Amino acid sequence: MIFNNYSIFICFITFVLAYNAVKFVSKSIVLRNIIVLAGNLFILLTLVKEHTLIVIAVLCLLVFLIGKVLQNKNSRVLLFTSLTLIIVLFSIRNYTYIQECLAKGIFSFLNAPILSVEKLGLSYILFRLVHYLVESYKNKIHKSNFITFLNYIFFFPSIIAGPIDTYNNFSFWIGNNKLKYHRALFFAGITRIFMGAVKTIGVVPYIIHYATDYTALTANFSPLLAIFISLLAYSAYIYLDFSGYSDIAIGSAYLIGIKTPENFNNPYISQNLSEFWKRWHITFSMFLKLYVFKPSILLYNKLINPKHRLLVTVLCYLTTFVICGLWHGDKINFLYWGLWHGVGLAVNKIWSVKIKPRMPFSNTRAYLFISVFTTFIYVTIGWVFFNYSEEQLITLYNLII
Amino acid sequence: MNLIRSIYKTKNLTNNGIFIVVCGLVLLIIGCFIPDVKSGNIQQQIYTLNGFNTKHNDPTELSDFYQSIKKNNGFLVLGTSETTSLNGGNYYDFLNNDKEIEGNRFSILAGAGRTCGIHIPLLLHHQTEVDSLKIIYFINPVYWRTDLCDVSLEYWNRYSNYKMCTNFNLSPKEEEGFLKPIIAYANKLNWFSKSAQYIEQIIRSARRNYFHKLRYNMYPEEYSSQFHFLSSTKTDYAADKNFGVPNMESIDTTWNILKTFTDKNWFKPINKASNYRYEELASFIKLCKSLGIQATFIIGPYNKRFITQFDPNSVADYKSTTQNIKQLLIDYNADFIDATDISLIVGAFNDHQHHSSYGAFLIYHKIKHHLYEK
C-alpha cells in the first residue's frame, strides 16, 4: 500500500475508524464486508479510474461464477479454459511484445479495451484469480460469497505488491469475531507500520542512490569494486524496501483485523537457494511452488522416464523460474534473473543429492558459514539482472571484461 | 535470530504498538508547547522563498521574507512562468545587477500559473508585514486564453491550500472586494479535497513543532541558512556580447519563436466570455490599496507575430484583452507599465507565450525608466 498523498491517508484513517467502530458494535459479517468493500473501492479510486475497477469487478464476477461451477463439478476443461483466458488477458495487458504482435494481426481490436485497464497490481490480481479457480477445482474453498471474494481481490493493503493471501485465510479473518484478538492485532499493526516506515523512509533513501547506480561509486573505487559494492547496497535496498512495504501492508491489514501471511523471514541467512526462496517473498514462492512447480513435475513425469527424477526436478526449477522472471516484467533482463535463480536451484539440487552427502564436513559450523555466505553472494550477483536493463548489462560486461 | 523472532511475536508487536501510540500522543501534546522561532532578525534581503513556505503559509519565514524586503527598501516581483529563471537573464536579474540602481533590490515569487489571486490569502494573513511593501506584478495576457481563463485547481493546490483560504476576519464589504478568486477556488473543491487539505495542514503543523520550532530553537543559526539571500555583488551582464541583442541565429523570424520550439499547437485563443481574470486582478488591486501595498503592474507583451501566423483572427482578441487590462488598471488608478509594444519585436519571444532574454531586457528598460528615470 502506498500513502503517496493525503487523500489516500485520509481515506485509510476514515476507513479503519469506521470499520473498527462497526466491528465493535455489530457482529454482522455482511455489514463488515460491505464496509471493507467501500473502503477498498474508495481508496483504489484515488489511484485509478472507475473504469478499471469496473472491468476487474466484472472479471471477478465471471471467475467467481466459474469457481462456483468448479466447486460443484470438477471440470478440468473448464478450469484450463478459464485459466488460459485470464492468463492471456493479463499477458496482453502486461507485455508490450504481445500488444505489438496483436496490433499487426486480426485480433488488433482486443488491444484497445484491454489497454484501457490501468495497471494496478494486475499481476497480483492474476495470482489471486488463479488461486481461487484452482482451489475451487480442488474443492478446497470452504465458504465463498461474492463480496468477500471482491474484497479478497481488491484488498488495498496488498493489491500492489502483496503479500498474496489465500482466499480461505482472508475469508476466515474477515469473519472472525474475537474482539480481544482484534484489539491485539490493531496495536500489532501499528508496530508493523512503524517498522515498515523506518525501513522505507528511514533507511532506504540513504542507500538507494548507491544501490541503483554503481557510477555513484566509481569516483572512489575501481569499476569492478564499485559494481560489487553497489550490488551489496542493492541487496540491502531491495530487502528493506520490499519487506518494509510488506510490513506496512501487513500492519494495515492488522488494523482491520485481517492477519495477512508473512512475506519475509530473514532471507539473507539462508544456507542455500532453495531455503532462500522459502524466506524471500514467501507468499509468491508458495504460489510458484503450488501452481507452477508442482504441475510442472506432473507434466515432466509424463514426458520423461520417472527414473530420471533429478532431471525432472532440474527442468521444473528452470521452467518455474523462467516464468518467475517473465512475471516480474517484459524486459529480457528479468528473464536472465529468472534463469540465474533457476540454474542456481538446479545446481543446488544436484549438489545436495549427489555431492553433499559424500562430504565429511557438511555438518560443521564452517560449512554452514560458507553456505550462507555463498548463497548471499549468489543472490547478490543475481540482482544485477534485476536492476539493470539489457543495454546496461552489456555496458557492465564490457567494463568488467 | 531469536531476538528478531521475538520482535515479530503478536504479543510483543501489540505491546510495542501500545507504546508507539502512547509515545505519539505524548509527542503531539508536548509539541504544542514548543515556542515558535522569533522572526525579525533577518537583515539581508531574501531573494526568494521555498515554495513549501508559501504553500503552507509558514508564519515566521513569510514574515521575515516581507520584512527583509522592506528593511532593504526592495521590491517584491510577482509573476507567472515568464518571471521564472531564463537563459541569459530575466528582467529582474538585469534590475538586480544594474550598477546604476543603488539601494533597491528585487526579490521574486514566481511560477507557472502563480497569478495574483493566489497571493491574496498570503497577503491577508500578513497584513502588518506587507504594509507599504513595494510590489511589481507581471500580467501575462495568456492567462485570458480558453484553457487558462478560469480558476485552476491545479495551480491553486500547487501554491496554496484551502485552510489558508479561510479565517480572514473581514467585513462583508471587504470579502466582496478581495475574496472573489478565493471563493471561486473554494467552490471548485469538493468536501473531500477540503478535508484532505485541512488534515494535511494539521499533520504539517504537528511535524513543524519538531522539525521547525524545536530545531531552530536549539540551533538558531540554522534558521537563516534555509533562506536564499540576494548577493551583495553584482554580475556585469553588460559585459556579455549578447546582452541587449536578440540571438537572431536561433530565432524563426516568421513566427518570432526559437527554432527549437515545435509545439505550436499549444496556442489557444482568448476566451472573451470569462471574467474571472479581470475579477482576480481587480480584487488584487483593491487589496493592495487597502493594505497600503505600493503595487506597479506590467502589462506583458503577447507574441503578435506568432498569433498572426497561427490564428490571425485571434490577434484582435489579444489586443482588446490587453486594452481591457489597461482600462481596468486606469479605472482603479493603479500604477502600471505598458509593455505590449514589445509584442511585435523580433527576438523578444522564446515561444508563443514567454518572452526571451532579449524581451526581458526590453521589459527591464521599461521598468527602470518607470521607477527611476521618470
# chains A, B, ... in the order shown; residues from 1 in each chain; ligands from 1
$ interface_residues --of "chain B" --to "chain A" --cutoff "12 Å" --atoms "only C-alpha atoms" --output "short mmCIF file (atom, residue, chain, number, x, y, z; two decimals) with N, CA and C atoms, in the first residue's frame"
data_model
loop_
_atom_site.label_atom_id
_atom_site.label_comp_id
_atom_site.auth_asym_id
_atom_site.auth_seq_id
_atom_site.Cartn_x
_atom_site.Cartn_y
_atom_site.Cartn_z
N MET B 1 18.91 -14.30 15.93
CA MET B 1 17.69 -14.72 15.24
C MET B 1 16.51 -14.81 16.20
N ASN B 2 16.82 -15.29 17.44
CA ASN B 2 15.74 -15.40 18.43
C ASN B 2 15.16 -14.04 18.75
N LEU B 3 16.04 -13.04 18.77
CA LEU B 3 15.60 -11.68 19.08
C LEU B 3 14.62 -11.20 18.00
N ILE B 4 15.01 -11.43 16.73
CA ILE B 4 14.14 -11.00 15.61
C ILE B 4 12.80 -11.73 15.68
N ARG B 5 12.89 -13.05 15.96
CA ARG B 5 11.65 -13.83 16.06
C ARG B 5 10.75 -13.29 17.16
N ILE B 7 10.61 -10.30 18.32
CA ILE B 7 10.01 -8.99 17.95
C ILE B 7 8.72 -9.21 17.16
N TYR B 8 8.73 -10.22 16.29
CA TYR B 8 7.58 -10.43 15.41
C TYR B 8 6.45 -11.23 16.06
N LYS B 9 6.62 -11.61 17.34
CA LYS B 9 5.51 -12.30 18.01
C LYS B 9 4.37 -11.31 18.20
N THR B 10 3.14 -11.76 17.94
CA THR B 10 1.99 -10.85 18.00
C THR B 10 1.90 -10.14 19.35
N LYS B 11 2.21 -10.88 20.44
CA LYS B 11 2.09 -10.29 21.78
C LYS B 11 3.07 -9.10 21.90
N ASN B 12 4.30 -9.31 21.46
CA ASN B 12 5.28 -8.23 21.55
C ASN B 12 4.95 -7.08 20.61
N LEU B 13 4.46 -7.44 19.41
CA LEU B 13 4.06 -6.39 18.47
C LEU B 13 2.95 -5.54 19.07
N THR B 14 2.01 -6.20 19.74
CA THR B 14 0.89 -5.49 20.37
C THR B 14 1.40 -4.53 21.44
N ASN B 15 2.27 -5.05 22.33
CA ASN B 15 2.80 -4.19 23.40
C ASN B 15 3.58 -3.01 22.83
N ASN B 16 4.37 -3.28 21.80
CA ASN B 16 5.12 -2.19 21.17
C ASN B 16 4.19 -1.18 20.51
N GLY B 17 3.09 -1.70 19.92
CA GLY B 17 2.10 -0.83 19.28
C GLY B 17 1.49 0.13 20.28
N ILE B 18 1.14 -0.39 21.46
CA ILE B 18 0.56 0.47 22.51
C ILE B 18 1.58 1.54 22.90
N PHE B 19 2.84 1.11 23.03
CA PHE B 19 3.92 2.05 23.39
C PHE B 19 4.06 3.15 22.32
N ILE B 20 4.00 2.74 21.03
CA ILE B 20 4.14 3.72 19.94
C ILE B 20 2.98 4.72 19.97
N VAL B 21 1.76 4.22 20.19
CA VAL B 21 0.59 5.12 20.22
C VAL B 21 0.73 6.11 21.37
N VAL B 22 1.13 5.60 22.57
CA VAL B 22 1.28 6.48 23.73
C VAL B 22 2.37 7.53 23.46
N GLY B 24 3.44 8.60 20.61
CA GLY B 24 2.97 9.52 19.58
C GLY B 24 2.08 10.61 20.18
N TRP B 191 -15.83 18.38 -0.89
CA TRP B 191 -15.65 18.28 0.57
C TRP B 191 -14.44 17.40 0.90
N PHE B 192 -14.21 16.43 0.03
CA PHE B 192 -13.12 15.50 0.32
C PHE B 192 -11.76 16.21 0.20
N SER B 193 -11.62 16.99 -0.88
CA SER B 193 -10.36 17.73 -1.06
C SER B 193 -10.17 18.74 0.06
N LYS B 194 -11.28 19.39 0.46
CA LYS B 194 -11.16 20.37 1.54
C LYS B 194 -10.69 19.69 2.83
N SER B 195 -11.32 18.57 3.16
CA SER B 195 -10.92 17.90 4.42
C SER B 195 -9.50 17.34 4.30
N ALA B 196 -9.15 16.85 3.10
CA ALA B 196 -7.78 16.33 2.91
C ALA B 196 -6.76 17.44 3.14
N GLN B 197 -7.08 18.64 2.61
CA GLN B 197 -6.13 19.75 2.78
C GLN B 197 -6.07 20.21 4.23
N TYR B 198 -7.21 20.18 4.91
CA TYR B 198 -7.21 20.54 6.33
C TYR B 198 -6.32 19.59 7.12
N ILE B 199 -6.51 18.30 6.86
CA ILE B 199 -5.74 17.30 7.62
C ILE B 199 -4.26 17.40 7.27
N GLU B 200 -3.96 17.69 6.00
CA GLU B 200 -2.56 17.87 5.60
C GLU B 200 -1.93 18.98 6.43
N GLN B 201 -2.68 20.07 6.61
CA GLN B 201 -2.14 21.20 7.38
C GLN B 201 -1.97 20.83 8.85
N ILE B 202 -2.90 20.06 9.39
CA ILE B 202 -2.80 19.66 10.80
C ILE B 202 -1.56 18.79 11.00
N ILE B 203 -1.37 17.84 10.08
CA ILE B 203 -0.20 16.95 10.18
C ILE B 203 1.09 17.77 10.03
N ARG B 204 1.06 18.72 9.08
CA ARG B 204 2.25 19.52 8.86
C ARG B 204 2.55 20.39 10.09
#
$ residues_around --residues "His228 in chain B" --least-positions-apart "6" --cutoff "8 Å" --atoms "only C-alpha atoms" --output "list in words"
Ile46, Tyr47, Thr48 and Leu49 of chain B
$ select_by_dssp --residues "range 173-233 of chain B" --states "helix (DSSP H, G or I)" --output "NGL selection string"
:B and (173-178 or 180-188 or 191-218 or 220-225)
$ residues_around --residues "Glu102 in chain B" --least-positions-apart "2" --cutoff "12 Å" --atoms "only C-alpha atoms" --output "ChimeraX atom specification"
/B:72-74,95-100,104-106,232-234,368,372
$ atom_distance --atom1 "CA of Ser107 in chain B" --atom2 "CA of Val77 in chain B"
5.9 Å
$ residues_around --residues "Ala295 in chain B" --least-positions-apart "2" --cutoff "10 Å" --atoms "only C-alpha atoms" --output "JSON, numbers by chain"
{"B": [75, 76, 77, 132, 133, 134, 135, 136, 137, 284, 285, 288, 289, 292, 293, 297, 298, 334, 335, 336]}
$ write_last_selection --atoms "N, CA, C and O atoms" --output "tab-separated table (two decimals), in the first residue's frame"
chain	number	residue	atom	x	y	z
B	75	PHE	N	12.00	45.59	-3.72
B	75	PHE	CA	10.73	45.30	-4.39
B	75	PHE	C	10.48	43.80	-4.34
B	75	PHE	O	11.44	43.02	-4.37
B	76	LEU	N	9.20	43.45	-4.32
B	76	LEU	CA	8.84	42.05	-4.48
B	76	LEU	C	8.24	41.90	-5.87
B	76	LEU	O	7.22	42.52	-6.19
B	77	VAL	N	8.88	41.08	-6.70
B	77	VAL	CA	8.38	40.86	-8.06
B	77	VAL	C	7.53	39.59	-8.07
B	77	VAL	O	7.99	38.52	-7.66
B	132	SER	N	2.98	48.93	3.19
B	132	SER	CA	3.97	49.75	2.48
B	132	SER	C	5.02	48.93	1.71
B	132	SER	O	6.05	49.48	1.30
B	133	LEU	N	4.76	47.68	1.50
B	133	LEU	CA	5.65	46.85	0.68
B	133	LEU	C	5.53	47.27	-0.80
B	133	LEU	O	4.43	47.58	-1.26
B	134	LYS	N	6.66	47.26	-1.51
B	134	LYS	CA	6.62	47.63	-2.93
B	134	LYS	C	6.57	46.35	-3.78
B	134	LYS	O	7.44	45.48	-3.64
B	135	ILE	N	5.55	46.28	-4.60
B	135	ILE	CA	5.35	45.06	-5.40
B	135	ILE	C	5.34	45.42	-6.89
B	135	ILE	O	4.83	46.46	-7.28
B	136	ILE	N	5.93	44.51	-7.69
B	136	ILE	CA	5.78	44.61	-9.15
B	136	ILE	C	5.08	43.33	-9.58
B	136	ILE	O	5.54	42.23	-9.25
B	137	TYR	N	3.96	43.46	-10.24
B	137	TYR	CA	3.25	42.26	-10.69
B	137	TYR	C	3.19	42.22	-12.22
B	137	TYR	O	2.69	43.14	-12.85
B	284	PHE	N	-7.14	41.93	-6.49
B	284	PHE	CA	-5.75	42.10	-6.06
B	284	PHE	C	-5.40	43.59	-5.93
B	284	PHE	O	-4.77	44.02	-4.96
B	285	ILE	N	-5.84	44.38	-6.92
B	285	ILE	CA	-5.56	45.83	-6.88
B	285	ILE	C	-6.21	46.44	-5.64
B	285	ILE	O	-5.58	47.20	-4.89
B	288	CYS	N	-4.34	45.46	-2.52
B	288	CYS	CA	-3.07	46.18	-2.40
B	288	CYS	C	-3.32	47.59	-1.87
B	288	CYS	O	-2.63	48.06	-0.96
B	289	LYS	N	-4.33	48.23	-2.42
B	289	LYS	CA	-4.63	49.60	-1.98
B	289	LYS	C	-5.06	49.60	-0.53
B	289	LYS	O	-4.64	50.45	0.27
B	292	GLY	N	-2.11	49.04	1.86
B	292	GLY	CA	-1.02	50.01	1.76
B	292	GLY	C	0.16	49.49	0.96
B	292	GLY	O	1.29	49.97	1.12
B	293	ILE	N	-0.09	48.53	0.10
B	293	ILE	CA	0.99	47.99	-0.75
B	293	ILE	C	1.15	48.90	-1.97
B	293	ILE	O	0.16	49.30	-2.59
B	297	PHE	N	2.07	47.51	-11.89
B	297	PHE	CA	1.70	46.37	-12.75
B	297	PHE	C	2.37	46.51	-14.12
B	297	PHE	O	2.49	47.62	-14.64
B	298	ILE	N	2.80	45.39	-14.65
B	298	ILE	CA	3.37	45.38	-16.00
B	298	ILE	C	2.39	44.63	-16.90
B	298	ILE	O	2.07	43.46	-16.63
B	334	ALA	N	-4.40	52.43	-10.78
B	334	ALA	CA	-3.21	51.66	-10.42
B	334	ALA	C	-2.01	52.12	-11.24
B	334	ALA	O	-2.18	52.58	-12.39
B	335	ASP	N	-0.85	52.00	-10.64
B	335	ASP	CA	0.38	52.36	-11.35
B	335	ASP	C	0.74	51.20	-12.29
B	335	ASP	O	0.75	50.04	-11.87
B	336	PHE	N	1.00	51.48	-13.55
B	336	PHE	CA	1.32	50.37	-14.47
B	336	PHE	C	2.30	50.76	-15.55
B	336	PHE	O	2.52	51.95	-15.82
$ atom_distance --atom1 "CA of Met195 in chain A" --atom2 "CA of Tyr239 in chain A"
13.3 Å
$ residues_around --residues "range 320-329 of chain B" --least-positions-apart "3" --cutoff "10 Å" --atoms "only C-alpha atoms" --output "number ranges by chain"
B: 139-142, 144-145, 270-272, 277-279, 281-282, 285, 296-302, 314-317, 332-340
$ select_by_dssp --residues "range 78-300 of chain B" --states "strand (DSSP E or B)" --output "ChimeraX atom specification"
/B:78-79,106-110,134-139,145,228-229,251-252,257-258,270,294-299
$ residues_around --residues "Thr283 in chain A" --least-positions-apart "5" --cutoff "10 Å" --atoms "only C-alpha atoms" --output "list in words"
Gly162, Pro163, Ile164, Asp165, Thr166, Thr260, Pro261, Glu262, Asn263, Phe264, Trp277, Lys278, Leu288 and Lys289 of chain A
$ atom_distance --atom1 "CA of Lys23 in chain A" --atom2 "CA of Phe146 in chain A"
20.2 Å
$ residues_around --residues "Ala186 in chain B" --least-positions-apart "3" --cutoff "12 Å" --atoms "only C-alpha atoms" --output "NGL selection string"
:B and (151-153 or 156-157 or 160-166 or 179-183 or 189-195 or 197)
$ closest_residue --among "B:Lys264, B:Leu291, B:Trp255, B:Asn217" --to "Ser343 in chain B" --atoms "only C-alpha atoms"
B:Trp255
$ closest_residue --among "B:Phe94, B:Phe310, B:Ser6, B:Leu28" --to "Tyr237 in chain B" --atoms "only C-alpha atoms"
B:Phe94
